[in-house]
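Source file: structure.csv. Holds: CSV, C-alpha atoms.
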```csv
chain,number,residue,atom,x,y,z
M,1002,MET,CA,54.2,61.2,301.4
M,1003,ASN,CA,52.0,64.3,301.9
M,1004,PRO,CA,48.7,63.5,300.2
M,1005,GLU,CA,48.5,67.1,299.0
M,1006,CYS,CA,51.5,66.5,296.6
M,1007,ALA,CA,49.6,64.1,294.2
M,1008,LYS,CA,46.0,64.7,295.0
M,1009,LEU,CA,43.4,67.4,295.1
M,1010,PRO,CA,41.4,68.4,298.2
M,1011,VAL,CA,37.8,67.6,297.5
M,1012,VAL,CA,34.8,68.8,299.5
M,1013,GLU,CA,32.2,67.1,297.4
M,1014,THR,CA,31.3,65.8,294.0
M,1015,PHE,CA,27.7,65.6,292.7
M,1016,THR,CA,25.5,65.7,289.7
M,1017,SER,CA,22.8,68.4,289.5
M,1018,ILE,CA,21.6,71.1,287.2
M,1019,GLN,CA,23.9,74.0,286.4
M,1020,GLY,CA,22.4,76.9,288.4
M,1021,GLU,CA,24.3,79.9,286.9
M,1022,SER,CA,26.1,81.2,283.8
M,1023,THR,CA,24.8,80.8,280.2
M,1024,HIS,CA,24.8,77.0,280.9
M,1025,ALA,CA,22.0,77.3,283.6
M,1026,GLY,CA,19.6,74.4,283.5
M,1027,ARG,CA,22.0,71.9,282.0
M,1028,ILE,CA,22.8,68.6,283.7
M,1029,CYS,CA,26.3,69.0,285.2
M,1030,PHE,CA,28.8,67.1,287.3
M,1031,PHE,CA,30.4,69.3,289.9
M,1032,ILE,CA,33.8,68.9,291.5
M,1033,ARG,CA,34.1,71.2,294.5
M,1034,LEU,CA,37.6,71.7,295.7
M,1035,ALA,CA,38.6,73.0,299.2
M,1036,GLY,CA,40.4,76.2,300.0
M,1037,CYS,CA,39.9,79.8,299.0
M,1038,ASN,CA,42.2,82.9,299.2
M,1039,LEU,CA,39.2,85.3,299.6
M,1040,SER,CA,36.4,85.7,302.1
M,1041,CYS,CA,33.5,87.4,300.3
M,1042,SER,CA,30.8,88.9,302.5
M,1043,TYR,CA,28.1,87.0,300.7
M,1044,CYS,CA,29.9,83.7,300.3
M,1045,ASP,CA,27.4,80.8,300.1
M,1046,THR,CA,30.1,78.1,300.3
M,1047,VAL,CA,31.8,79.0,303.5
M,1048,TYR,CA,32.1,75.3,304.2
M,1049,ALA,CA,34.6,75.0,301.3
M,1050,GLN,CA,36.8,78.1,302.2
M,1051,SER,CA,39.4,76.2,304.2
M,1052,ARG,CA,41.7,73.5,302.8
M,1053,ASP,CA,41.0,71.7,306.0
M,1054,SER,CA,37.3,71.3,304.8
M,1055,ALA,CA,38.4,68.7,302.3
M,1056,VAL,CA,36.4,65.5,302.9
M,1057,GLU,CA,39.0,63.4,301.0
M,1058,TYR,CA,42.0,63.8,298.7
M,1059,MET,CA,41.6,62.4,295.2
M,1060,THR,CA,43.9,61.9,292.3
M,1061,VAL,CA,43.2,63.3,288.8
M,1062,ASP,CA,42.5,59.7,287.7
M,1063,GLU,CA,40.0,59.2,290.5
M,1064,LEU,CA,38.2,62.4,289.7
M,1065,LEU,CA,38.1,61.6,286.0
M,1066,GLU,CA,36.6,58.2,286.8
M,1067,ALA,CA,34.0,59.9,289.0
M,1068,ALA,CA,33.0,62.2,286.2
M,1069,GLN,CA,32.8,59.3,283.8
M,1070,GLN,CA,30.3,57.5,286.1
M,1071,SER,CA,28.0,60.5,285.9
M,1072,PRO,CA,25.4,60.9,283.1
M,1073,ALA,CA,26.6,64.5,282.6
M,1074,ARG,CA,28.9,65.5,279.8
M,1075,LEU,CA,29.3,68.9,281.3
M,1076,VAL,CA,31.7,69.2,284.3
M,1077,GLU,CA,32.3,72.2,286.5
M,1078,LEU,CA,35.4,72.8,288.7
M,1079,THR,CA,34.4,75.0,291.6
M,1080,GLY,CA,35.3,75.6,295.2
M,1081,GLY,CA,36.5,77.3,297.2
M,1082,GLU,CA,38.9,78.6,294.5
M,1083,PRO,CA,39.9,75.8,292.2
M,1084,ALA,CA,42.7,77.8,290.5
M,1085,LEU,CA,44.7,77.6,293.8
M,1086,GLN,CA,45.2,73.9,293.3
M,1087,PRO,CA,48.4,73.0,291.4
M,1088,LEU,CA,46.8,69.9,289.8
M,1089,ALA,CA,43.7,71.8,288.6
M,1090,PRO,CA,45.1,72.6,285.1
M,1091,GLN,CA,46.0,68.9,284.7
M,1092,LEU,CA,42.5,67.8,285.8
M,1093,ALA,CA,40.9,70.2,283.4
M,1094,GLN,CA,43.1,68.9,280.5
M,1095,ARG,CA,42.3,65.3,281.3
M,1096,LEU,CA,38.6,66.0,281.4
M,1097,LEU,CA,38.7,67.8,278.1
M,1098,GLU,CA,40.7,65.0,276.5
M,1099,ALA,CA,38.0,62.5,277.7
M,1100,GLY,CA,35.4,64.5,275.8
M,1101,PHE,CA,33.8,66.5,278.5
M,1102,GLU,CA,32.8,70.2,278.2
M,1103,VAL,CA,34.5,71.8,281.2
M,1104,LEU,CA,33.7,74.9,283.1
M,1105,MET,CA,35.6,76.5,286.0
M,1106,GLU,CA,34.0,78.9,288.4
M,1107,THR,CA,36.8,81.2,289.7
M,1108,ASN,CA,36.9,84.3,291.9
M,1109,GLY,CA,39.2,86.0,289.4
M,1110,SER,CA,42.0,86.8,291.8
M,1111,VAL,CA,44.4,84.2,290.4
M,1112,LEU,CA,46.0,84.5,286.9
M,1113,LEU,CA,44.6,81.7,284.8
M,1114,ASP,CA,47.3,81.4,282.2
M,1115,LYS,CA,48.2,77.8,283.2
M,1116,PHE,CA,44.8,76.4,282.2
M,1117,PRO,CA,44.0,74.8,278.8
M,1118,PRO,CA,42.5,77.2,276.4
M,1119,GLN,CA,39.5,75.0,275.8
M,1120,LEU,CA,38.4,75.4,279.4
M,1121,LYS,CA,35.4,77.7,279.8
M,1122,ARG,CA,36.2,80.1,282.6
M,1123,ILE,CA,33.4,81.8,284.5
M,1124,ILE,CA,35.2,84.7,286.2
M,1125,ASP,CA,33.5,86.4,289.2
M,1126,VAL,CA,34.3,90.1,289.1
M,1127,LYS,CA,34.4,91.1,292.7
M,1128,LEU,CA,32.3,94.2,293.5
M,1129,PRO,CA,32.8,96.5,296.6
M,1130,SER,CA,30.1,94.9,298.8
M,1131,SER,CA,32.0,91.6,298.6
M,1132,ASN,CA,34.9,93.4,300.5
M,1133,MET,CA,37.2,91.7,298.0
M,1134,SER,CA,37.2,94.0,294.9
M,1135,GLN,CA,40.9,94.9,295.5
M,1136,TYR,CA,41.8,91.3,294.6
M,1137,ASN,CA,40.5,91.3,291.0
M,1138,GLU,CA,43.3,90.2,288.6
M,1139,PRO,CA,42.9,92.3,285.4
M,1140,GLY,CA,45.5,90.1,283.7
M,1141,ASN,CA,42.8,87.6,283.2
M,1142,TYR,CA,40.9,89.9,280.9
M,1143,GLN,CA,43.7,89.6,278.3
M,1144,LEU,CA,43.2,85.8,278.4
M,1145,LEU,CA,39.4,85.9,277.6
M,1146,ARG,CA,38.3,83.9,274.7
M,1147,LYS,CA,35.0,82.6,273.3
M,1148,GLY,CA,33.3,80.4,275.9
M,1149,ASP,CA,34.5,82.4,278.8
M,1150,GLU,CA,32.0,84.5,280.9
M,1151,LEU,CA,32.2,87.4,283.4
M,1152,LYS,CA,29.9,87.4,286.4
M,1153,PHE,CA,29.0,90.5,288.5
M,1154,VAL,CA,27.3,89.5,291.8
M,1155,THR,CA,25.6,92.7,292.8
M,1156,GLY,CA,24.8,93.7,296.4
M,1157,SER,CA,23.8,97.3,296.1
M,1158,ARG,CA,23.2,100.2,293.6
M,1159,ALA,CA,26.8,101.3,294.4
M,1160,ASP,CA,28.0,97.8,293.3
M,1161,PHE,CA,26.1,98.2,290.1
M,1162,ASP,CA,27.5,101.6,289.3
M,1163,TRP,CA,31.0,100.4,290.2
M,1164,ALA,CA,30.6,97.4,287.8
M,1165,LEU,CA,29.7,99.7,284.9
M,1166,GLU,CA,32.8,101.8,285.5
M,1167,TRP,CA,34.9,98.6,285.7
M,1168,ILE,CA,33.5,97.4,282.4
M,1169,ASP,CA,34.4,100.7,280.8
M,1170,ARG,CA,37.8,100.9,282.4
M,1171,TRP,CA,38.9,97.5,281.1
M,1172,GLU,CA,36.8,97.6,277.9
M,1173,LEU,CA,35.1,94.3,278.9
M,1174,ASP,CA,32.2,95.0,276.6
M,1175,LYS,CA,34.6,94.6,273.7
M,1176,LYS,CA,35.8,91.1,274.8
M,1177,ALA,CA,32.9,89.3,273.1
M,1178,VAL,CA,32.1,87.4,276.3
M,1179,PRO,CA,28.8,87.5,278.2
M,1180,LEU,CA,28.5,90.1,281.0
M,1181,ILE,CA,26.2,88.5,283.5
M,1182,PHE,CA,24.6,90.3,286.5
M,1183,SER,CA,23.0,88.5,289.4
M,1184,ALA,CA,21.8,89.8,292.8
M,1185,VAL,CA,23.3,88.9,296.1
M,1186,PHE,CA,20.6,86.6,297.4
M,1187,GLY,CA,18.6,88.4,300.1
M,1188,ALA,CA,20.3,91.8,299.6
M,1189,VAL,CA,19.0,93.0,296.3
M,1190,GLU,CA,15.6,92.0,294.9
M,1191,PRO,CA,15.7,90.6,291.3
M,1192,ASP,CA,13.3,93.2,289.9
M,1193,GLU,CA,15.4,95.9,291.4
M,1194,LEU,CA,18.5,94.7,289.6
M,1195,VAL,CA,16.5,94.3,286.4
M,1196,GLU,CA,15.4,98.0,286.7
M,1197,TRP,CA,19.0,99.1,287.0
M,1198,LEU,CA,20.0,97.1,283.9
M,1199,LEU,CA,17.1,98.7,282.0
M,1200,GLN,CA,18.1,102.2,283.2
M,1201,SER,CA,21.7,101.6,282.1
M,1202,LYS,CA,20.5,101.3,278.5
M,1203,ARG,CA,23.3,98.8,277.9
M,1204,SER,CA,21.9,96.1,275.7
M,1205,ASN,CA,25.0,93.9,276.1
M,1206,LEU,CA,24.4,93.2,279.8
M,1207,ARG,CA,22.6,90.0,280.9
M,1208,PHE,CA,20.4,89.3,283.9
M,1209,GLN,CA,20.4,86.0,285.7
M,1210,LEU,CA,18.9,84.3,288.8
M,1211,GLN,CA,20.7,81.7,290.8
M,1212,MET,CA,18.4,79.0,289.6
M,1213,HIS,CA,19.3,76.4,292.2
M,1214,LYS,CA,18.4,78.7,295.0
M,1215,PHE,CA,14.8,78.8,293.7
M,1216,VAL,CA,14.6,75.0,293.1
M,1217,TRP,CA,16.0,74.0,296.5
M,1218,PRO,CA,16.4,75.8,299.8
M,1219,PRO,CA,19.1,78.5,299.4
M,1220,ASP,CA,21.5,76.9,301.9
M,1221,MET,CA,21.1,73.3,300.6
M,1222,ARG,CA,24.4,71.6,299.7
M,1223,GLY,CA,25.1,69.1,296.9
M,1224,VAL,CA,22.7,70.8,294.4
```
Representation of the structure as structure tokens:
Amino acid sequence: MNPECAKLPVVETFTSIQGESTHAGRICFFIRLAGCNLSCSYCDTVYAQSRDSAVEYMTVDELLEAAQQSPARLVELTGGEPALQPLAPQLAQRLLEAGFEVLMETNGSVLLDKFPPQLKRIIDVKLPSSNMSQYNEPGNYQLLRKGDELKFVTGSRADFDWALEWIDRWELDKKAVPLIFSAVFGAVEPDELVEWLLQSKRSNLRFQLQMHKFVWPPDMRGV
């Protein structure tokens, strides 16, 4: 039997601090799945882009057991792009039923209507410098609910201006979810992005650093 039929391709699992989103700083158990349908210019997990990068294939039960052995009660599904995996909605549901608070980091190109509503989706809105902005799936904006978040990884002033126009176009500021801006590491200085946010005079935008890249070396894995 093809192992892909009943298992998920796993690059790594580990316990660390959550480095991004409004949950930054919390102890979290990460499940990184292999395979992504995009190739962002600034990707910091290139090692997880291909499905062939899976270190092992694990069942939903095995991943649930691994989460239960961690001290964390917060779990994040990440990748790669976890929404590509047919078993990911089932994994999210089982984790929720076991009492975990569950996040999913997603590139926003896949419609997320198959996932349980209690899952907290952190949707990365792709901006032009990623070279992937044409793959944003606006249908996901109709699914937004309390607990979800939108993330704008900004690589230039042109990115920032595009993001503001995108927010207005889809009325994302009316969705009652955090609109989080972070800088592409090494491309935009944090104080520069802060200045753009202040100049925009939009009080509903939120600035964030990728905390883990300041605690550990930026290219360190498993953190």
**OP:** Identify which of the residues M:Phe1186, M:Val1154, M:Val1056, M:Glu1013 lies closest to Lys1214 (chain M), counting only C-alpha atoms when measuring atom-to-atom distances.
**Re:**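 Selected residue with least distance to Lys1214 (chain M): M:Phe1186.
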Original post:
Out of M:Ala1055, M:Ile1028, M:Ala1184, M:Ala1007, which residue has the shortest atom-to-atom distance to Leu1088 (chain M) when counting all atoms listed in the file?
Top reply: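 Of the candidates, the smallest distance to Leu1088 (chain M) is held by M:Ala1007.
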**OP:** May I have the protein, DNA and RNA residues with an atom at most 12 Å from (45.6, 96.3, 285.0), counting all atoms listed in the file in the file's coordinates, returned as a list of chain:residue names?
**Re:** M:Leu1112, M:Gln1135, M:Tyr1136, M:Asn1137, M:Glu1138, M:Pro1139, M:Gly1140, M:Asn1141, M:Tyr1142, M:Gln1143, M:Trp1167, M:Arg1170, M:Trp1171, M:Glu1172
**OP:** Quote the spacing between CA of Leu1144 (chain M) and CA of Pro1129 (chain M) in Å to one decimal place.
**Re:**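 CA of Leu1144 (chain M) sits 23.5 Å away from CA of Pro1129 (chain M).
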Subject >> Residue nearest Thr1060 (chain M) - candidates M:Phe1161, M:Leu1198, M:Ser1134, M:Gln1091, atoms counted: all atoms listed in the file >> reply: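 Ranked by minimum distance to Thr1060 (chain M), first place goes to M:Gln1091.
In this structure, CA of Met1212 (chain M) sits 7.2 Å away from CA of Ala1025 (chain M).
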**OP:** Take the point (29.5, 80.7, 281.3) in the file's coordinates, draw a sphere of radius 8 Å around it, and report as a PyMOL selection string every protein, DNA or RNA residue with an atom inside or on it, counting all atoms listed in the file.
**Re:** chain M and resi 1021-1024+1104+1121-1123+1148-1151+1179
**OP:** Give the answer as one residue: which of M:Ser1051, M:Thr1155, M:Thr1046, M:Gln1094 has the shortest atom-to-atom distance to Pro1117 (chain M), using all atoms listed in the file?
**Re:** M:Gln1094
